[in-house]
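Source file: entry11.txt (compact mmCIF, C-alpha atoms (C1' of nucleotides))
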```txt
# COMPACT_ATOMS: atom_id res chain seq x y z
CA MET A 1 -4.97 12.38 -1.39
CA HIS A 2 -8.25 10.52 -1.69
CA SER A 3 -7.16 6.94 -0.97
CA PRO A 4 -3.77 6.75 0.73
CA GLU A 5 -3.84 2.95 0.64
CA LEU A 6 -3.06 2.93 -3.07
CA LEU A 7 0.09 4.90 -2.43
CA LYS A 8 1.66 2.14 -0.38
CA GLY A 9 4.70 0.70 -2.02
CA THR A 10 5.17 3.66 -4.34
CA LEU A 11 7.23 5.92 -2.09
CA GLN A 12 10.69 4.64 -3.09
CA THR A 13 9.71 4.75 -6.75
CA ILE A 14 8.49 8.34 -6.47
CA VAL A 15 11.54 9.58 -4.56
CA LEU A 16 14.00 7.89 -6.87
CA LYS A 17 12.33 9.07 -10.08
CA VAL A 18 11.96 12.67 -8.92
CA LEU A 19 15.63 12.67 -7.96
CA LYS A 20 16.55 11.28 -11.35
CA ASP A 21 14.58 13.95 -13.19
CA HIS A 22 15.60 16.88 -11.06
CA GLY A 23 19.14 16.11 -9.96
CA ARG A 24 20.18 16.77 -6.37
CA MET A 25 17.39 17.69 -3.99
CA TYR A 26 16.79 17.98 -0.26
CA GLY A 27 13.95 16.31 1.61
CA TYR A 28 11.60 19.22 1.94
CA GLU A 29 12.14 20.09 -1.70
CA ILE A 30 11.10 16.56 -2.69
CA THR A 31 7.82 16.86 -0.81
CA GLN A 32 7.09 20.17 -2.56
CA ARG A 33 8.00 18.85 -6.00
CA VAL A 34 5.76 15.81 -5.56
CA LYS A 35 2.93 17.97 -4.27
CA GLU A 36 3.31 20.13 -7.35
CA LEU A 37 3.57 17.28 -9.89
CA SER A 38 0.57 15.54 -8.34
CA GLU A 39 -1.49 18.73 -8.14
CA ASP A 40 -1.76 18.46 -4.34
CA ARG A 41 -2.91 14.87 -4.47
CA ILE A 42 0.25 13.28 -3.08
CA LEU A 43 1.50 14.85 0.14
CA LEU A 44 4.56 12.99 1.39
CA THR A 45 4.78 12.87 5.16
CA GLU A 46 8.09 13.44 6.88
CA GLY A 47 7.67 10.30 8.95
CA ALA A 48 7.73 8.28 5.76
CA LEU A 49 10.09 10.34 3.64
CA TYR A 50 13.12 10.70 5.91
CA PRO A 51 13.38 7.05 6.91
CA THR A 52 13.11 6.14 3.21
CA LEU A 53 15.90 8.54 2.26
CA HIS A 54 18.08 7.18 5.07
CA LYS A 55 17.41 3.63 4.00
CA LEU A 56 18.23 4.31 0.35
CA GLU A 57 21.41 6.07 1.44
CA ALA A 58 22.40 3.15 3.68
CA GLU A 59 21.89 0.83 0.72
CA GLY A 60 24.18 2.94 -1.43
CA MET A 61 21.44 4.16 -3.76
CA LEU A 62 21.80 7.79 -2.70
CA LYS A 63 24.71 9.96 -1.67
CA THR A 64 24.35 13.03 0.51
CA GLU A 65 25.87 16.44 0.96
CA THR A 66 25.04 18.61 3.93
CA VAL A 67 24.93 22.35 3.39
CA MET A 68 24.66 25.09 6.00
CA LEU A 69 22.31 27.95 5.14
CA GLY A 70 23.29 30.51 7.73
CA LYS A 71 22.31 28.54 10.80
CA ARG A 72 19.98 26.13 9.02
CA VAL A 73 20.87 22.66 7.82
CA ARG A 74 20.00 21.31 4.44
CA LYS A 75 20.82 17.78 3.34
CA TYR A 76 21.02 17.19 -0.37
CA TYR A 77 20.44 13.77 -1.87
CA ALA A 78 21.53 12.55 -5.28
CA LEU A 79 21.48 9.21 -7.06
CA THR A 80 24.55 7.00 -7.13
CA PRO A 81 25.17 4.82 -10.21
CA GLU A 82 23.47 1.93 -8.39
CA GLY A 83 20.60 4.26 -7.59
CA ARG A 84 20.26 5.08 -11.25
CA SER A 85 19.84 1.38 -12.02
CA LEU A 86 17.28 1.03 -9.27
CA VAL A 87 15.14 3.84 -10.67
CA LYS A 88 14.79 2.08 -14.00
CA GLU A 89 13.89 -1.14 -12.25
CA ARG A 90 11.31 0.46 -9.98
CA VAL A 91 9.66 2.49 -12.73
CA SER A 92 9.34 -0.41 -15.13
CA GLU A 93 8.04 -2.52 -12.28
CA PHE A 94 5.38 0.08 -11.70
CA VAL A 95 4.48 0.32 -15.39
CA GLU A 96 4.21 -3.47 -15.49
CA PHE A 97 1.95 -3.37 -12.44
CA ILE A 98 -0.31 -0.83 -14.14
CA ARG A 99 -0.53 -2.94 -17.25
CA THR A 100 -1.55 -5.96 -15.17
CA MET A 101 -4.13 -3.98 -13.23
CA GLY A 102 -5.52 -2.66 -16.51
CA ASN A 103 -6.14 -6.23 -17.61
CA VAL A 104 -7.70 -7.29 -14.34
CA LEU A 105 -9.92 -4.24 -14.06
CA GLN A 106 -10.59 -4.16 -17.81
CA VAL A 107 -9.95 -0.45 -18.05
CA GLU A 108 -8.18 1.65 -20.64
CA LEU A 109 -5.44 3.76 -19.10
CA HIS A 110 -5.17 6.77 -21.44
CA MET B 1 3.84 -11.28 -8.28
CA HIS B 2 7.07 -9.27 -8.45
CA SER B 3 6.38 -6.51 -5.93
CA PRO B 4 3.47 -7.30 -3.63
CA GLU B 5 3.75 -3.89 -1.99
CA LEU B 6 2.19 -2.20 -4.99
CA LEU B 7 -0.86 -4.40 -4.64
CA LYS B 8 -1.76 -2.94 -1.28
CA GLY B 9 -5.05 -1.13 -1.33
CA THR B 10 -6.20 -2.72 -4.58
CA LEU B 11 -7.83 -5.86 -3.21
CA GLN B 12 -11.34 -4.46 -2.72
CA THR B 13 -11.20 -2.82 -6.14
CA ILE B 14 -10.15 -6.06 -7.81
CA VAL B 15 -12.76 -8.20 -6.07
CA LEU B 16 -15.60 -5.77 -6.74
CA LYS B 17 -14.71 -5.24 -10.39
CA VAL B 18 -14.31 -8.94 -11.14
CA LEU B 19 -17.68 -9.59 -9.51
CA LYS B 20 -19.24 -6.84 -11.58
CA ASP B 21 -17.86 -8.24 -14.83
CA HIS B 22 -18.57 -11.89 -14.13
CA GLY B 23 -21.75 -11.89 -12.04
CA ARG B 24 -22.01 -14.18 -9.02
CA MET B 25 -18.81 -15.96 -8.01
CA TYR B 26 -17.42 -17.91 -5.08
CA GLY B 27 -14.14 -17.16 -3.32
CA TYR B 28 -11.94 -19.76 -4.89
CA GLU B 29 -13.32 -18.87 -8.30
CA ILE B 30 -12.33 -15.24 -7.76
CA THR B 31 -8.72 -16.20 -7.00
CA GLN B 32 -8.60 -18.28 -10.19
CA ARG B 33 -10.16 -15.57 -12.33
CA VAL B 34 -7.72 -12.95 -11.05
CA LYS B 35 -4.80 -15.32 -11.56
CA GLU B 36 -5.97 -15.83 -15.13
CA LEU B 37 -6.62 -12.15 -15.94
CA SER B 38 -3.26 -11.17 -14.47
CA GLU B 39 -1.38 -13.97 -16.21
CA ASP B 40 -0.27 -15.46 -12.89
CA ARG B 41 1.02 -12.15 -11.60
CA ILE B 42 -1.66 -11.57 -8.98
CA LEU B 43 -2.28 -14.50 -6.67
CA LEU B 44 -4.87 -13.59 -4.06
CA THR B 45 -4.23 -15.24 -0.72
CA GLU B 46 -7.12 -16.72 1.22
CA GLY B 47 -6.08 -14.88 4.36
CA ALA B 48 -6.71 -11.61 2.56
CA LEU B 49 -9.61 -12.59 0.31
CA TYR B 50 -12.07 -14.12 2.76
CA PRO B 51 -11.89 -11.36 5.36
CA THR B 52 -12.40 -8.84 2.55
CA LEU B 53 -15.46 -10.67 1.26
CA HIS B 54 -16.88 -10.87 4.79
CA LYS B 55 -16.27 -7.20 5.34
CA LEU B 56 -17.91 -6.16 2.08
CA GLU B 57 -20.86 -8.37 2.90
CA ALA B 58 -21.17 -6.88 6.40
CA GLU B 59 -21.18 -3.43 4.81
CA GLY B 60 -24.01 -4.41 2.49
CA MET B 61 -21.92 -4.28 -0.69
CA LEU B 62 -22.25 -8.01 -1.37
CA LYS B 63 -24.99 -10.53 -0.84
CA THR B 64 -24.35 -14.26 -0.47
CA GLU B 65 -25.93 -17.55 -1.32
CA THR B 66 -24.59 -20.80 0.05
CA VAL B 67 -24.83 -23.85 -2.17
CA MET B 68 -24.13 -27.48 -1.25
CA LEU B 69 -22.20 -29.47 -3.83
CA GLY B 70 -22.76 -32.98 -2.55
CA LYS B 71 -20.99 -32.58 0.79
CA ARG B 72 -18.96 -29.52 -0.12
CA VAL B 73 -19.90 -25.95 0.64
CA ARG B 74 -19.73 -23.16 -1.85
CA LYS B 75 -20.55 -19.58 -0.99
CA TYR B 76 -21.54 -17.37 -3.86
CA TYR B 77 -21.10 -13.63 -3.72
CA ALA B 78 -22.84 -11.03 -5.84
CA LEU B 79 -22.99 -7.22 -5.84
CA THR B 80 -25.86 -5.40 -4.21
CA PRO B 81 -27.02 -2.09 -5.71
CA GLU B 82 -24.80 -0.28 -3.19
CA GLY B 83 -21.96 -2.56 -4.21
CA ARG B 84 -22.50 -1.57 -7.81
CA SER B 85 -22.04 2.07 -6.86
CA LEU B 86 -18.91 1.25 -4.90
CA VAL B 87 -17.29 -0.48 -7.88
CA LYS B 88 -17.59 2.63 -10.00
CA GLU B 89 -16.15 4.73 -7.22
CA ARG B 90 -13.23 2.40 -6.57
CA VAL B 91 -12.34 1.94 -10.22
CA SER B 92 -12.40 5.64 -11.04
CA GLU B 93 -10.39 6.28 -7.90
CA PHE B 94 -7.79 3.84 -9.18
CA VAL B 95 -7.75 5.36 -12.67
CA GLU B 96 -7.32 8.78 -11.09
CA PHE B 97 -4.45 7.43 -8.99
CA ILE B 98 -2.76 6.07 -12.10
CA ARG B 99 -3.13 9.37 -13.90
CA THR B 100 -1.52 11.17 -10.95
CA MET B 101 1.32 8.68 -10.76
CA GLY B 102 1.87 9.06 -14.48
CA ASN B 103 2.41 12.78 -13.94
CA VAL B 104 4.73 12.31 -10.98
CA LEU B 105 6.79 9.58 -12.64
CA GLN B 106 6.60 11.28 -16.03
CA VAL B 107 5.73 8.08 -17.82
CA GLU B 108 3.34 7.35 -20.63
CA LEU B 109 0.89 4.62 -19.72
CA HIS B 110 -0.02 3.24 -23.15
C1' DC C 1 5.89 42.36 19.43
C1' DT C 2 4.15 37.97 19.56
C1' DT C 3 1.88 34.51 17.09
C1' DA C 4 1.10 31.65 13.27
C1' DT C 5 2.98 29.70 9.13
C1' DA C 6 6.62 28.02 6.41
C1' DT C 7 11.06 25.92 6.21
C1' DG C 8 14.04 21.99 7.55
C1' DC C 9 15.53 17.65 9.74
C1' DA C 10 14.71 13.54 12.73
C1' DT C 11 12.69 9.55 15.29
C1' DA C 12 9.40 6.92 18.34
C1' DA C 13 4.74 5.03 18.81
C1' DT C 14 0.96 3.35 16.59
C1' DT C 15 -2.07 1.55 12.89
C1' DC C 16 -3.89 -1.65 9.67
C1' DA C 17 -3.99 -4.21 5.37
C1' DC C 18 -1.76 -7.57 4.25
C1' DT C 19 1.14 -12.37 4.51
C1' DT C 20 1.97 -16.50 6.80
C1' DA C 21 0.43 -20.22 9.40
C1' DT C 22 -2.96 -23.24 10.81
C1' DG C 23 -7.27 -25.78 10.78
C1' DT C 24 -11.14 -28.49 8.67
C1' DA C 25 -13.01 -31.16 4.85
C1' DT C 26 -14.07 -33.27 0.06
C1' DT C 27 -12.58 -34.80 -4.60
C1' DA C 28 -9.53 -36.18 -8.26
C1' DA C 29 -5.26 -37.77 -9.94
C1' DT C 30 -0.80 -40.61 -9.85
C1' DA D 1 -1.90 -44.46 -0.48
C1' DT D 2 -0.35 -40.06 -1.12
C1' DT D 3 -0.34 -35.65 -3.36
C1' DA D 4 -2.63 -31.85 -5.48
C1' DA D 5 -6.67 -29.38 -6.21
C1' DT D 6 -10.91 -27.59 -4.47
C1' DA D 7 -13.28 -24.83 -0.76
C1' DC D 8 -13.98 -22.30 3.37
C1' DA D 9 -12.32 -19.85 7.73
C1' DT D 10 -9.53 -17.38 11.27
C1' DA D 11 -5.48 -16.28 14.34
C1' DA D 12 -0.73 -14.60 14.63
C1' DG D 13 2.75 -11.89 12.84
C1' DT D 14 4.86 -8.33 9.63
C1' DG D 15 6.14 -3.92 7.79
C1' DA D 16 5.40 0.27 5.35
C1' DA D 17 2.99 3.63 6.20
C1' DT D 18 0.51 7.56 9.48
C1' DT D 19 0.45 10.13 13.55
C1' DA D 20 2.75 12.36 17.15
C1' DT D 21 6.55 14.55 19.02
C1' DG D 22 10.84 17.09 19.26
C1' DC D 23 14.26 20.56 17.83
C1' DA D 24 15.39 24.89 15.39
C1' DT D 25 15.30 29.14 12.14
C1' DA D 26 12.88 32.53 9.09
C1' DT D 27 9.13 35.26 7.74
C1' DA D 28 4.47 37.14 7.42
C1' DA D 29 0.43 38.80 9.76
C1' DG D 30 -2.30 40.86 13.42
```
Would it be possible to restate this file's structure as structure tokens?
Amino acid sequence: MHSPELLKGTLQTIVLKVLKDHGRMYGYEITQRVKELSEDRILLTEGALYPTLHKLEAEGMLKTETVMLGKRVRKYYALTPEGRSLVKERVSEFVEFIRTMGNVLQVELH
Amino acid sequence: MHSPELLKGTLQTIVLKVLKDHGRMYGYEITQRVKELSEDRILLTEGALYPTLHKLEAEGMLKTETVMLGKRVRKYYALTPEGRSLVKERVSEFVEFIRTMGNVLQVELH
DNA sequence: CTTATATGCATAATTCACTTATGTATTAAT
DNA sequence: ATTAATACATAAGTGAATTATGCATATAAG
């Protein structure tokens, strides 16, 4: 990603929305999905992703299910009803932010 | 502003673009212009604005002119040629970021 | 066959752009 | 007279991120 500064504050929004669109997912899968959707421009780091997932779980926005794959562990995350509300909030907040920035920067976005 | 986290990394872009569109401006004037353009949603704090202006000046992106208004000081900032290049870069970087986020979040931005 | 890469989770240490707090000073309004 | 607005500046503190580290299995390459 060119300018990682811009990404700040968007991590929760990204994780929540991807989970909403894709259903249950595990951490590594989320990083790969975001990489794919962003055409390699957004590479989530583990140091940011896992603490965010844990925090959202602690707040009751996500529920987890741990699955053993042979000897490997995989932890699936899915939205709770409260999480589903939060996604809507976060996404519209982001859209609102973009609209405001469009006005300030006087640029057409699409 | 609702979520100040999203604003991170946009300060330089905002300052540079507003200066490009308006010509020479002083610090306080920039805060007021941004407040106006954003309909009170983006309120630049002095603790962030002045260090940013100083940094951009030190990097040769801005040139200054200090004017005395009776006993008051006013410091005008204007883009240098290098600053003019930087604005284009920063703005297209932001537009690119928005496009990417639109793909990841699967939202239409106007 | 052993080495690198990919998969998979987790957390501690560090960074750095920002907010908050503080300071100085003039002018206009109530 | 006191408050709010104008106008600049910088130091201290915060917090979400990056970087670094650790553990462990699976697979491809050489």
List the neighbours of DT3 (chain D) out to 12 Å using all atoms listed in the file; skip same-chain residues closer than 5 positions along the sequence, and give me the result as a PyMOL selection string.
chain C and resi 28-30
Write the selection just made, keeping C-alpha atoms (C1' of nucleotides), as a PDB file, in the frame of the given file?
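part06.pdb was written with the following content:
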```pdb
ATOM      1  C1'  DA C  28      -9.530 -36.180  -8.260  1.00  0.00           C
ATOM      2  C1'  DA C  29      -5.260 -37.770  -9.940  1.00  0.00           C
ATOM      3  C1'  DT C  30      -0.800 -40.610  -9.850  1.00  0.00           C
TER       4       DT C  30
END
```
So that each row is one residue of chain B with an atom at most 9 Å from chain A, can you give its shortest atom pair and the distance in Å to one decimal, using all atoms listed in the file, rows by chain and rising number, as JSON lines?
```
{"residue": "B:His2", "atom": "CA", "partner": "A:Glu93", "partner_atom": "CA", "distance": 7.8}
{"residue": "B:Ser3", "atom": "CA", "partner": "A:Glu93", "partner_atom": "CA", "distance": 7.7}
{"residue": "B:Pro4", "atom": "CA", "partner": "A:Gly9", "partner_atom": "CA", "distance": 8.3}
{"residue": "B:Glu5", "atom": "CA", "partner": "A:Gly9", "partner_atom": "CA", "distance": 4.7}
{"residue": "B:Leu6", "atom": "CA", "partner": "A:Gly9", "partner_atom": "CA", "distance": 4.9}
{"residue": "B:Leu7", "atom": "CA", "partner": "A:Leu6", "partner_atom": "CA", "distance": 7.8}
{"residue": "B:Lys8", "atom": "CA", "partner": "A:Lys8", "partner_atom": "CA", "distance": 6.2}
{"residue": "B:Gly9", "atom": "CA", "partner": "A:Glu5", "partner_atom": "CA", "distance": 4.7}
{"residue": "B:Thr10", "atom": "CA", "partner": "A:Leu6", "partner_atom": "CA", "distance": 6.6}
{"residue": "B:Thr13", "atom": "CA", "partner": "A:Leu105", "partner_atom": "CA", "distance": 8.1}
{"residue": "B:Ile14", "atom": "CA", "partner": "A:Leu105", "partner_atom": "CA", "distance": 6.5}
{"residue": "B:Lys17", "atom": "CA", "partner": "A:Leu105", "partner_atom": "CA", "distance": 6.1}
{"residue": "B:Val18", "atom": "CA", "partner": "A:Leu105", "partner_atom": "CA", "distance": 7.1}
{"residue": "B:Asp21", "atom": "CA", "partner": "A:Gln106", "partner_atom": "CA", "distance": 8.9}
{"residue": "B:Arg33", "atom": "CA", "partner": "A:Val104", "partner_atom": "CA", "distance": 8.9}
{"residue": "B:Val34", "atom": "CA", "partner": "A:Val104", "partner_atom": "CA", "distance": 6.5}
{"residue": "B:Lys35", "atom": "CA", "partner": "A:Val104", "partner_atom": "CA", "distance": 9.0}
{"residue": "B:Glu36", "atom": "CA", "partner": "A:Val104", "partner_atom": "CA", "distance": 8.7}
{"residue": "B:Leu37", "atom": "CA", "partner": "A:Val104", "partner_atom": "CA", "distance": 5.2}
{"residue": "B:Ser38", "atom": "CA", "partner": "A:Thr100", "partner_atom": "CA", "distance": 5.5}
{"residue": "B:Glu39", "atom": "CA", "partner": "A:Thr100", "partner_atom": "CA", "distance": 8.1}
{"residue": "B:Arg41", "atom": "CA", "partner": "A:Thr100", "partner_atom": "CA", "distance": 7.6}
{"residue": "B:Ile42", "atom": "CA", "partner": "A:Thr100", "partner_atom": "CA", "distance": 8.4}
{"residue": "B:Val91", "atom": "CA", "partner": "A:Leu105", "partner_atom": "CA", "distance": 7.7}
{"residue": "B:Glu93", "atom": "CA", "partner": "A:Ser3", "partner_atom": "CA", "distance": 7.7}
{"residue": "B:Phe94", "atom": "CA", "partner": "A:Leu6", "partner_atom": "CA", "distance": 7.8}
{"residue": "B:Val95", "atom": "CA", "partner": "A:Leu109", "partner_atom": "CA", "distance": 7.0}
{"residue": "B:Phe97", "atom": "CA", "partner": "A:Leu6", "partner_atom": "CA", "distance": 7.6}
{"residue": "B:Ile98", "atom": "CA", "partner": "A:Ile98", "partner_atom": "CA", "distance": 7.6}
{"residue": "B:Arg99", "atom": "CA", "partner": "A:Leu109", "partner_atom": "CA", "distance": 8.0}
{"residue": "B:Thr100", "atom": "CA", "partner": "A:Ser38", "partner_atom": "CA", "distance": 5.5}
{"residue": "B:Met101", "atom": "CA", "partner": "A:Ser38", "partner_atom": "CA", "distance": 7.3}
{"residue": "B:Asn103", "atom": "CA", "partner": "A:Leu37", "partner_atom": "CA", "distance": 6.2}
{"residue": "B:Val104", "atom": "CA", "partner": "A:Leu37", "partner_atom": "CA", "distance": 5.2}
{"residue": "B:Leu105", "atom": "CA", "partner": "A:Lys17", "partner_atom": "CA", "distance": 6.1}
{"residue": "B:Gln106", "atom": "CA", "partner": "A:Lys17", "partner_atom": "CA", "distance": 8.6}
{"residue": "B:Val107", "atom": "CA", "partner": "A:Val95", "partner_atom": "CA", "distance": 8.2}
{"residue": "B:Glu108", "atom": "CA", "partner": "A:His110", "partner_atom": "CA", "distance": 8.6}
{"residue": "B:Leu109", "atom": "CA", "partner": "A:Leu109", "partner_atom": "CA", "distance": 6.4}
{"residue": "B:His110", "atom": "CA", "partner": "A:His110", "partner_atom": "CA", "distance": 6.5}
```
Using only C-alpha atoms (C1' of nucleotides), find which residues of chain B lie within 9 Å of chain C and jot them down as a list of chain:residue names.
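That gives B:Lys8, B:Gly9, B:Thr45, B:Gly47, B:Ala48, B:Lys71, B:Arg72 for chain B.
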Wanna dump the chain D-chain B contacts at 12 Å for me, each residue with its shortest atom pair and the distance in Å to one decimal, counting all atoms listed in the file, ordered by chain and number, as a tab-separated table?
```
residue	atom	partner	partner_atom	distance
D:DA5	C1'	B:Tyr28	CA	11.0
D:DT6	C1'	B:Tyr28	CA	7.9
D:DA7	C1'	B:Tyr28	CA	6.7
D:DC8	C1'	B:Val73	CA	7.5
D:DA9	C1'	B:Tyr50	CA	7.6
D:DT10	C1'	B:Gly47	CA	8.1
D:DA11	C1'	B:Gly47	CA	10.1
D:DA12	C1'	B:Gly47	CA	11.6
D:DG15	C1'	B:Glu5	CA	10.1
D:DA16	C1'	B:Glu5	CA	8.6
D:DA17	C1'	B:Lys8	CA	11.0
```
As an exercise, work out the distance from CA of Thr64 (chain A) to CA of Gly23 (chain A) in Å and give it to one decimal place.
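Value for the CA of Thr64 (chain A)-CA of Gly23 (chain A) distance: 12.1 Å.
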Per-axis box centre and lengths in Å around region 54-67 of chain A, 6 Å margin per side, axis-aligned, as AutoDock Vina command-line options:
```
--center_x 21.6 --center_y 11.6 --center_z 0.7 --size_x 20.5 --size_y 33.5 --size_z 20.8
```
Enter the distance from CA of Lys55 (chain A) to CA of Gly83 (chain A), in Å, rounded to one decimal.
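These atoms are spaced 12.0 Å apart.
Rounded to one decimal, CA of Arg84 (chain B) and CA of Lys63 (chain B) lie 11.6 Å from each other.
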